[in-house]
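Everything below belongs to target_23.tsv, which stores TSV, C-alpha atoms and all ligand atoms.
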```
chain	number	residue	atom	x	y	z
A	2	MET	CA	3.14	23.96	1.74
A	3	PRO	CA	2.26	20.35	0.91
A	4	PRO	CA	3.58	17.56	3.07
A	5	THR	CA	7.03	16.44	2.01
A	6	LEU	CA	7.86	12.80	1.71
A	7	SER	CA	10.39	11.26	4.00
A	8	THR	CA	12.67	8.45	2.92
A	9	PRO	CA	11.86	5.36	4.96
A	10	ASN	CA	14.80	3.89	6.79
A	11	VAL	CA	14.74	0.41	5.30
A	12	SER	CA	16.84	-2.40	6.61
A	13	THR	CA	16.38	-6.14	6.35
A	14	SER	CA	15.91	-6.45	10.10
A	15	GLU	CA	12.90	-4.15	9.98
A	16	PHE	CA	11.02	-6.26	7.48
A	17	CYS	CA	8.27	-8.56	8.66
A	18	LEU	CA	7.57	-6.68	11.87
A	19	GLY	CA	3.86	-6.52	12.62
A	20	GLY	CA	2.14	-8.87	10.22
A	21	CYS	CA	4.44	-9.61	7.35
A	22	ALA	CA	3.87	-12.26	4.70
A	23	ASP	CA	5.35	-15.59	5.65
A	24	PRO	CA	8.71	-15.63	3.81
A	25	ALA	CA	8.41	-19.40	3.40
A	26	LYS	CA	5.21	-18.88	1.43
A	27	SER	CA	6.34	-15.75	-0.40
A	28	GLU	CA	8.57	-16.96	-3.20
A	29	LEU	CA	9.06	-13.78	-5.22
A	30	LEU	CA	8.41	-10.78	-3.00
A	31	ALA	CA	9.96	-11.07	0.42
A	32	SER	CA	8.91	-8.12	2.53
A	33	LEU	CA	5.27	-7.19	2.07
A	34	GLU	CA	4.01	-5.69	5.28
A	35	HIS	CA	0.37	-5.11	6.26
A	36	SER	CA	0.80	-1.80	8.06
A	37	GLU	CA	2.74	-0.21	5.20
A	38	PHE	CA	0.08	-1.19	2.67
A	39	ARG	CA	-2.70	0.09	4.97
A	40	THR	CA	-1.10	3.49	5.50
A	41	LYS	CA	1.01	4.07	2.37
A	42	PHE	CA	-0.33	2.08	-0.57
A	43	ASN	CA	-1.13	4.49	-3.43
A	44	ARG	CA	-0.31	7.41	-1.09
A	45	SER	CA	3.41	7.33	-0.35
A	46	PRO	CA	6.37	5.40	-1.70
A	47	PHE	CA	7.79	2.52	0.32
A	48	LYS	CA	10.41	-0.12	-0.23
A	49	ILE	CA	9.97	-3.88	-0.47
A	50	ARG	CA	12.39	-6.73	-1.19
A	51	HIS	CA	12.23	-9.42	-3.87
A	52	ASN	CA	13.97	-12.63	-4.98
A	53	LEU	CA	14.19	-12.10	-8.75
A	54	THR	CA	17.79	-10.92	-9.16
A	55	ASP	CA	18.99	-14.23	-10.64
A	56	HIS	CA	15.84	-15.05	-12.57
A	57	ARG	CA	16.56	-16.48	-16.04
A	58	LEU	CA	14.01	-14.17	-17.72
A	59	PHE	CA	16.17	-11.11	-16.95
A	60	THR	CA	19.47	-12.09	-18.57
A	61	LEU	CA	20.48	-9.87	-21.51
A	62	ASP	CA	20.06	-12.85	-23.87
A	63	ALA	CA	16.52	-13.45	-22.62
A	64	LEU	CA	15.72	-9.73	-22.97
A	65	VAL	CA	17.06	-9.62	-26.56
A	66	ALA	CA	14.79	-12.59	-27.39
A	67	LEU	CA	11.82	-10.90	-25.67
A	68	SER	CA	12.42	-7.61	-27.53
A	69	GLN	CA	12.22	-9.48	-30.83
A	70	GLU	CA	8.97	-11.24	-29.93
A	71	LEU	CA	7.10	-8.17	-28.67
A	72	PRO	CA	5.22	-6.00	-31.21
A	73	ALA	CA	7.51	-3.18	-32.41
A	74	ASP	CA	5.36	-0.50	-30.80
A	75	ARG	CA	5.90	-2.15	-27.40
A	76	VAL	CA	9.63	-1.38	-27.43
A	77	GLU	CA	10.72	2.20	-26.72
A	78	TYR	CA	14.37	3.15	-26.66
A	79	ASN	CA	16.45	6.25	-27.04
A	80	ALA	CA	19.60	7.99	-25.93
A	81	GLY	CA	20.03	8.04	-22.17
A	82	ASP	CA	22.01	11.29	-22.03
A	83	VAL	CA	18.98	13.50	-21.53
A	84	PRO	CA	18.17	16.24	-19.03
A	85	VAL	CA	15.61	15.85	-16.26
A	86	THR	CA	13.18	17.91	-18.36
A	87	GLN	CA	12.86	16.29	-21.78
A	88	ASP	CA	10.53	17.47	-24.57
A	89	PRO	CA	9.11	14.13	-25.84
A	90	ASN	CA	9.13	15.45	-29.43
A	91	ARG	CA	12.88	16.03	-29.27
A	92	THR	CA	14.04	12.88	-27.51
A	93	PRO	CA	17.37	11.92	-29.12
A	94	GLN	CA	17.65	8.44	-30.71
A	95	ASN	CA	20.74	6.26	-30.33
A	96	GLY	CA	21.02	5.08	-33.97
A	97	LEU	CA	21.04	1.37	-33.08
A	98	SER	CA	18.56	-1.48	-33.52
A	99	ILE	CA	16.66	-2.84	-30.52
A	100	ALA	CA	18.85	-5.94	-30.25
A	101	GLU	CA	22.05	-3.90	-30.69
A	102	THR	CA	20.92	-1.52	-27.97
A	103	ILE	CA	20.47	-4.36	-25.47
A	104	GLU	CA	23.66	-6.17	-26.50
A	105	ARG	CA	25.71	-2.95	-26.22
A	106	ILE	CA	23.81	-1.50	-23.27
A	107	GLU	CA	26.95	-1.16	-21.16
A	108	ASN	CA	28.48	1.41	-23.53
A	109	CYS	CA	25.75	2.74	-25.82
A	110	ARG	CA	24.41	5.34	-23.32
A	111	SER	CA	20.80	4.39	-23.87
A	112	TRP	CA	17.53	3.91	-22.05
A	113	MET	CA	15.02	1.27	-23.09
A	114	VAL	CA	11.64	-0.02	-21.96
A	115	LEU	CA	9.97	-3.26	-23.06
A	116	LYS	CA	6.26	-2.58	-22.57
A	117	ASN	CA	3.42	-4.99	-21.82
A	118	VAL	CA	5.75	-7.94	-21.37
A	119	GLU	CA	2.65	-9.87	-20.24
A	120	LYS	CA	2.05	-10.44	-23.97
A	121	HIS	CA	4.77	-13.11	-23.68
A	122	PRO	CA	3.46	-16.19	-21.81
A	123	GLU	CA	6.48	-16.68	-19.54
A	124	TYR	CA	6.63	-13.04	-18.48
A	125	LYS	CA	2.85	-13.06	-18.03
A	126	GLU	CA	3.18	-15.99	-15.66
A	127	LEU	CA	5.89	-14.22	-13.67
A	128	LEU	CA	3.93	-10.95	-13.52
A	129	GLU	CA	0.81	-12.73	-12.33
A	130	ALA	CA	2.77	-14.65	-9.70
A	131	CYS	CA	4.21	-11.37	-8.33
A	132	LEU	CA	0.83	-9.68	-8.31
A	133	GLU	CA	-0.89	-12.63	-6.62
A	134	GLU	CA	1.54	-12.04	-3.74
A	135	VAL	CA	0.74	-8.31	-3.73
A	136	ARG	CA	-3.05	-8.77	-4.02
A	137	PRO	CA	-3.98	-9.58	-0.38
A	138	PHE	CA	-1.91	-6.61	0.81
A	139	ALA	CA	-3.15	-4.15	-1.82
A	140	GLU	CA	-6.74	-5.13	-1.01
A	141	LEU	CA	-6.20	-3.85	2.53
A	142	ALA	CA	-6.21	-0.38	0.94
A	143	SER	CA	-8.42	-0.78	-2.13
A	144	GLN	CA	-10.46	-3.55	-3.72
A	145	GLY	CA	-9.86	-4.92	-7.16
A	146	MET	CA	-6.76	-5.62	-9.20
A	147	THR	CA	-7.20	-5.02	-12.94
A	148	HIS	CA	-5.06	-3.99	-15.93
A	149	GLN	CA	-2.09	-6.09	-14.79
A	150	GLN	CA	0.88	-4.98	-16.90
A	151	GLY	CA	4.64	-5.50	-16.80
A	152	PHE	CA	7.45	-3.29	-18.08
A	153	ILE	CA	11.18	-4.01	-18.18
A	154	PHE	CA	13.65	-1.11	-18.13
A	155	ILE	CA	17.19	-1.64	-19.44
A	156	SER	CA	19.52	1.32	-18.98
A	157	SER	CA	23.13	2.21	-19.62
A	158	PRO	CA	25.30	3.41	-16.73
A	159	GLY	CA	24.44	6.96	-15.74
A	160	SER	CA	21.39	7.29	-18.01
A	161	MET	CA	18.43	9.44	-17.05
A	162	THR	CA	14.68	8.81	-17.22
A	163	PRO	CA	13.25	12.34	-17.38
A	164	PHE	CA	10.65	13.76	-14.98
A	165	HIS	CA	7.24	12.19	-15.66
A	166	ILE	CA	4.07	10.68	-14.23
A	167	ASP	CA	2.55	7.21	-14.73
A	168	PRO	CA	-1.10	6.12	-14.57
A	169	GLU	CA	-0.73	2.88	-12.56
A	170	ASN	CA	0.04	1.49	-9.13
A	171	ASN	CA	3.60	0.35	-9.59
A	172	PHE	CA	6.21	-1.77	-7.83
A	173	LEU	CA	9.58	-1.21	-9.49
A	174	LEU	CA	11.77	-4.24	-8.75
A	175	GLN	CA	15.49	-3.60	-9.19
A	176	ILE	CA	16.99	-6.71	-10.81
A	177	GLN	CA	20.53	-5.56	-11.62
A	178	GLY	CA	22.55	-2.39	-10.99
A	179	THR	CA	21.37	0.60	-8.98
A	180	LYS	CA	18.98	3.50	-9.42
A	181	GLU	CA	18.43	6.82	-7.71
A	182	VAL	CA	14.70	7.62	-7.79
A	183	TRP	CA	13.49	11.14	-7.01
A	184	MET	CA	9.81	10.95	-6.08
A	185	PHE	CA	7.30	13.72	-5.40
A	186	ASP	CA	3.92	13.77	-3.68
A	187	GLN	CA	1.04	12.68	-5.94
A	188	ASN	CA	-1.07	15.49	-4.40
A	189	ASP	CA	1.45	18.34	-4.68
A	190	ARG	CA	-0.29	20.57	-7.22
A	191	GLU	CA	2.60	23.05	-7.25
A	192	VAL	CA	4.76	20.36	-8.87
A	193	ILE	CA	2.12	18.90	-11.24
A	194	SER	CA	-1.11	20.81	-11.77
A	195	GLU	CA	-4.58	19.32	-11.90
A	196	ILE	CA	-4.81	20.37	-15.54
A	197	GLN	CA	-1.53	18.62	-16.43
A	198	ILE	CA	-2.90	15.40	-14.90
A	199	GLU	CA	-6.19	15.75	-16.78
A	200	GLU	CA	-4.31	16.24	-20.06
A	201	PHE	CA	-2.13	13.22	-19.29
A	202	PHE	CA	-5.20	10.99	-18.81
A	203	ALA	CA	-6.60	12.41	-22.05
A	204	GLY	CA	-3.52	11.19	-23.94
A	205	ALA	CA	-0.77	13.81	-23.41
A	206	HIS	CA	2.81	12.55	-23.05
A	207	ARG	CA	4.00	11.44	-19.61
A	208	ASN	CA	7.03	13.78	-19.52
A	209	MET	CA	6.57	16.91	-17.40
A	210	PRO	CA	8.72	20.03	-16.99
A	211	PHE	CA	10.90	19.98	-13.85
A	212	ASP	CA	11.89	23.14	-12.02
A	213	GLU	CA	14.85	23.09	-9.63
A	214	SER	CA	12.64	24.76	-7.01
A	215	TYR	CA	10.74	21.44	-6.73
A	216	ARG	CA	13.75	19.50	-5.50
A	217	GLY	CA	13.25	20.14	-1.76
A	218	ARG	CA	9.65	18.92	-2.04
A	219	GLY	CA	10.60	15.38	-3.06
A	220	ALA	CA	12.50	12.45	-1.61
A	221	LYS	CA	15.37	10.40	-2.98
A	222	PHE	CA	15.29	6.60	-2.86
A	223	ASP	CA	18.43	4.59	-3.59
A	224	LEU	CA	17.54	1.21	-5.05
A	225	ILE	CA	19.92	-1.74	-5.17
A	226	ALA	CA	19.39	-5.18	-6.74
A	227	GLY	CA	16.90	-7.12	-4.63
A	228	GLU	CA	14.96	-4.02	-3.57
A	229	GLY	CA	11.70	-2.68	-4.94
A	230	LEU	CA	9.89	0.63	-4.60
A	231	HIS	CA	6.16	1.39	-4.61
A	232	PHE	CA	5.16	4.30	-6.87
A	233	PRO	CA	1.71	5.76	-6.10
A	234	VAL	CA	-0.44	6.64	-9.14
A	235	VAL	CA	0.70	9.93	-10.79
A	236	ALA	CA	3.40	10.52	-8.16
A	237	PRO	CA	5.89	12.53	-10.30
A	238	HIS	CA	9.40	11.12	-10.49
A	239	TYR	CA	12.63	10.97	-12.39
A	240	VAL	CA	15.26	8.25	-12.30
A	241	HIS	CA	19.04	8.43	-12.53
A	242	ASN	CA	20.84	5.15	-13.08
A	243	GLY	CA	23.99	4.28	-11.15
A	244	PRO	CA	27.44	3.43	-12.55
A	245	ALA	CA	26.46	-0.04	-13.87
A	246	VAL	CA	23.92	-1.42	-16.34
A	247	SER	CA	20.49	-1.32	-14.73
A	248	ILE	CA	17.64	-3.79	-15.28
A	249	SER	CA	14.32	-3.25	-13.52
A	250	PHE	CA	10.96	-5.02	-13.66
A	251	SER	CA	7.92	-2.87	-13.14
A	252	VAL	CA	4.75	-4.70	-12.04
A	253	THR	CA	1.69	-2.50	-12.36
A	254	PHE	CA	-2.08	-2.67	-11.93
A	255	GLN	CA	-5.19	-0.63	-11.27
A	256	THR	CA	-7.48	-0.86	-8.26
A	257	GLU	CA	-11.06	0.41	-7.95
A	258	ASP	CA	-9.68	3.58	-6.32
A	259	SER	CA	-7.10	4.29	-9.02
A	260	ALA	CA	-9.62	3.58	-11.79
A	261	ASP	CA	-12.08	5.98	-10.10
A	262	ARG	CA	-9.36	8.61	-9.91
A	263	GLN	CA	-8.72	8.33	-13.65
A	264	SER	CA	-12.45	8.63	-14.36
A	265	LEU	CA	-12.67	11.75	-12.19
A	266	HIS	CA	-9.74	13.46	-13.93
A	267	ARG	CA	-11.24	12.72	-17.35
A	268	PHE	CA	-14.67	13.94	-16.22
A	269	ASN	CA	-13.22	17.15	-14.76
A	270	ARG	CA	-11.55	17.82	-18.10
A	271	GLN	CA	-14.92	17.53	-19.85
A	272	LEU	CA	-16.49	19.86	-17.27
A	273	ARG	CA	-13.73	22.41	-17.84
A	274	LYS	CA	-14.41	22.29	-21.59
A	275	LEU	CA	-18.03	23.20	-20.76
A	276	GLY	CA	-16.85	26.22	-18.79
A	277	VAL	CA	-17.31	24.64	-15.34
A	278	ASN	CA	-14.54	24.96	-12.74
A	279	PRO	CA	-14.67	21.55	-10.98
A	280	SER	CA	-13.16	20.77	-7.57
A	281	ASP	CA	-9.80	19.03	-7.78
A	282	VAL	CA	-9.89	15.26	-7.45
A	283	GLY	CA	-9.69	14.39	-3.74
A	284	GLN	CA	-10.42	17.94	-2.58
A	285	ASN	CA	-14.16	17.41	-2.07
A	286	PRO	CA	-15.06	13.74	-1.38
A	287	ASN	CA	-18.80	14.43	-1.65
A	288	ALA	CA	-18.38	16.04	-5.06
A	289	ASP	CA	-16.14	13.14	-6.17
A	290	SER	CA	-18.76	10.66	-5.00
A	291	ARG	CA	-21.55	12.46	-6.89
A	292	LYS	CA	-19.45	12.58	-10.06
A	293	LEU	CA	-18.67	8.85	-9.80
A	294	SER	CA	-22.36	8.02	-9.27
A	295	PHE	CA	-23.22	10.08	-12.33
A	296	LEU	CA	-20.52	8.37	-14.42
A	297	ARG	CA	-21.72	4.90	-13.33
A	298	MET	CA	-25.29	5.81	-14.24
A	299	MET	CA	-24.14	7.06	-17.66
A	300	ARG	CA	-22.24	3.82	-18.27
A	301	LYS	CA	-25.34	1.78	-17.39
A	302	ILE	CA	-27.49	3.84	-19.74
A	303	LYS	CA	-24.89	3.38	-22.48
A	304	ARG	CA	-24.87	-0.40	-21.95
A	305	TRP	CA	-28.68	-0.56	-22.07
A	306	THR	CA	-28.75	1.61	-25.17
A	307	ASN	CA	-26.15	-0.58	-26.91
A	308	ARG	CA	-28.15	-3.72	-26.06
A	309	GLY	CA	-31.25	-2.23	-27.63
A	401	FE	FE	7.87	6.06	-14.32
```

File written out as structure tokens:
Amino acid sequence: MPPTLSTPNVSTSEFCLGGCADPAKSELLASLEHSEFRTKFNRSPFKIRHNLTDHRLFTLDALVALSQELPADRVEYNAGDVPVTQDPNRTPQNGLSIAETIERIENCRSWMVLKNVEKHPEYKELLEACLEEVRPFAELASQGMTHQQGFIFISSPGSMTPFHIDPENNFLLQIQGTKEVWMFDQNDREVISEIQIEEFFAGAHRNMPFDESYRGRGAKFDLIAGEGLHFPVVAPHYVHNGPAVSISFSVTFQTEDSADRQSLHRFNRQLRKLGVNPSDVGQNPNADSRKLSFLRMMRKIKRWTNRG
């Protein structure tokens, strides 16, 4: 039986105990705490607080303008009345344009994500400002902060984001409305198998099948505007929006550890194709270390070969 996650009891009075960021210096994220990053970052979910609820870049007008400036393939939207298990090839569309979907979000029962909002200079600046506040805390757990990306989710009341996994370290900042997030342990291989993760990193869709028997293995987090939640890499989750329009800003990045983890999953997939049965990522640290050394050597050889 894998360890089950417990919902932290978060209250404003508990923030900033034991080495918190100075709120006077922290303009965007208000409750980053050293001990939580040391023990939970990219292992377990934990809540933070932020000051972005009234930010001008998250009004519906600003989001309509952003949706029209982003490349078309960076805007994904569909009907929000979907089950927790959703076949990505059969996701129902809502029949509206992108702008119509945002303008009618209160009643059009839809779910939308604006991807890579860092392609827009103002959102890039905001993303980088948030992540600069996260950086000294994240580096307590793992060095490096690369692949900084931002996503904005706009959802109708009651809409569902089906069960899935994501490849990045994520802080989901609730800007408006409420969300119920069901999160599962990133290492629970009875919920998501090693092979499913390998296929995901090889390009398979993020959606995963959910079985009701999993429910007792996860934890529910209720998010309100002004709160944020840390999602460890590949921690499976699904999200049910509350009774109002929901807007969330997802700030994501990779660290050296999470990049190594991706490399190991991809390498294990190659080994399996060769008929080898590799140890699961994280199960045998010595084997992981040898694989990473081998991959680094191969990259060096490739660079030298390309130079020649
Ligand atoms: Fe997600």

Selected residue of minimal separation from Asn79 of chain A among A:Phe138, A:Ser156, A:Glu107, A:Ser36, counting all atoms listed in the file: A:Ser156

Find the residues near Pro168 of chain A: any atom within 7 Å, counting all atoms listed in the file, skip ones fewer than 2 places away on the same chain, and give them as number ranges by chain. A: 166, 234-235

Based on the selection just made, write C-alpha atoms of those residues as a PDB file, keeping the file's coordinate frame.
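The new file result24.pdb reads:
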```pdb
ATOM      1  CA  ILE A 166       4.070  10.680 -14.230  1.00  0.00           C
ATOM      2  CA  VAL A 234      -0.440   6.640  -9.140  1.00  0.00           C
ATOM      3  CA  VAL A 235       0.700   9.930 -10.790  1.00  0.00           C
TER       4      VAL A 235
END
```

Atom CA of Ala31 of chain A to atom CA of Asn52 of chain A: how many Å, to one decimal? 6.9 Å

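For ligand FE 401 (chain A), the neighbouring protein, DNA and RNA residues, which are those within 10 Å when all atoms listed in the file are counted, are Phe154, Thr162, Pro163, Phe164, His165, Ile166, Asp167, Pro168, Glu169, Asn171, Leu173, Val182, Met184, Arg207, Asn208, Phe232, Val234, Val235, Ala236, Pro237, His238, Tyr239, Val240 and Ser251 of chain A.
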
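Using all atoms listed in the file, the smallest distance between any of A:Gln69, A:Asn43, A:Gln87, A:Ser32 and Ile99 of chain A comes from A:Gln69.
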
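The two atoms in question, atom CA of Glu134 of chain A and atom CA of Leu30 of chain A, are spaced 7.0 Å apart.
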
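Between atom CA of Leu293 of chain A and atom CA of Asp261 of chain A there is a distance of 7.2 Å.
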
What are the centre and the three edge lengths of an axis-aligned box that wraps all atoms of segment 52-60 of chain A in the file, given that 3 Å is added to every side, written as JSON and rounded to one decimal in Å?
```
{"center_x": 16.7, "center_y": -13.7, "center_z": -11.8, "size_x": 11.5, "size_y": 11.6, "size_z": 19.6}
```

Compare A:Leu29, A:Tyr124, A:Leu174, A:Phe250 by their minimum atom-to-atom distance to Glu228 of chain A, counting all atoms listed in the file, and give me the closest one. A:Leu174

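Comparing the minimum interatomic distances between Asp223 of chain A and each of A:Glu181, A:Phe38, A:Glu126, A:Arg44, counting only C-alpha atoms, we find that A:Glu181 sits nearest.
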
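Residues near the point (-6.2, -4.5, 3.9), at a distance of 9 Å or less over only C-alpha atoms, make up His35, Ser36, Phe38, Arg39, Pro137, Phe138, Ala139, Glu140, Leu141, Ala142, Ser143 and Gln144 of chain A.
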
At a cut-off of 12 Å, can you tabulate as JSON lines every residue of segment 182-267 of chain A near segment 296-302 of chain A together with its closest atom pair and the distance in Å to one decimal, using only C-alpha atoms and ordering rows by chain then number?
```
{"residue": "A:Asp261", "atom": "CA", "partner": "A:Leu296", "partner_atom": "CA", "distance": 9.8}
{"residue": "A:Gln263", "atom": "CA", "partner": "A:Leu296", "partner_atom": "CA", "distance": 11.8}
{"residue": "A:Ser264", "atom": "CA", "partner": "A:Leu296", "partner_atom": "CA", "distance": 8.1}
{"residue": "A:Leu265", "atom": "CA", "partner": "A:Leu296", "partner_atom": "CA", "distance": 8.8}
{"residue": "A:His266", "atom": "CA", "partner": "A:Leu296", "partner_atom": "CA", "distance": 11.9}
{"residue": "A:Arg267", "atom": "CA", "partner": "A:Leu296", "partner_atom": "CA", "distance": 10.7}
```

What does the file look like for those residues with C-alpha atoms, as a short mmCIF file (atom, residue, chain, number, x, y, z; two decimals), keeping the file's coordinate frame?
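part-v2.cif was written with the following content:
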```cif
data_model
loop_
_atom_site.label_atom_id
_atom_site.label_comp_id
_atom_site.auth_asym_id
_atom_site.auth_seq_id
_atom_site.Cartn_x
_atom_site.Cartn_y
_atom_site.Cartn_z
CA ASP A 261 -12.08 5.98 -10.10
CA GLN A 263 -8.72 8.33 -13.65
CA SER A 264 -12.45 8.63 -14.36
CA LEU A 265 -12.67 11.75 -12.19
CA HIS A 266 -9.74 13.46 -13.93
CA ARG A 267 -11.24 12.72 -17.35
#
```

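Comparing the minimum interatomic distances between Ser194 of chain A and each of A:Glu77, A:Glu101, A:Asp281, A:Glu28, counting all atoms listed in the file, we find that A:Asp281 sits nearest.
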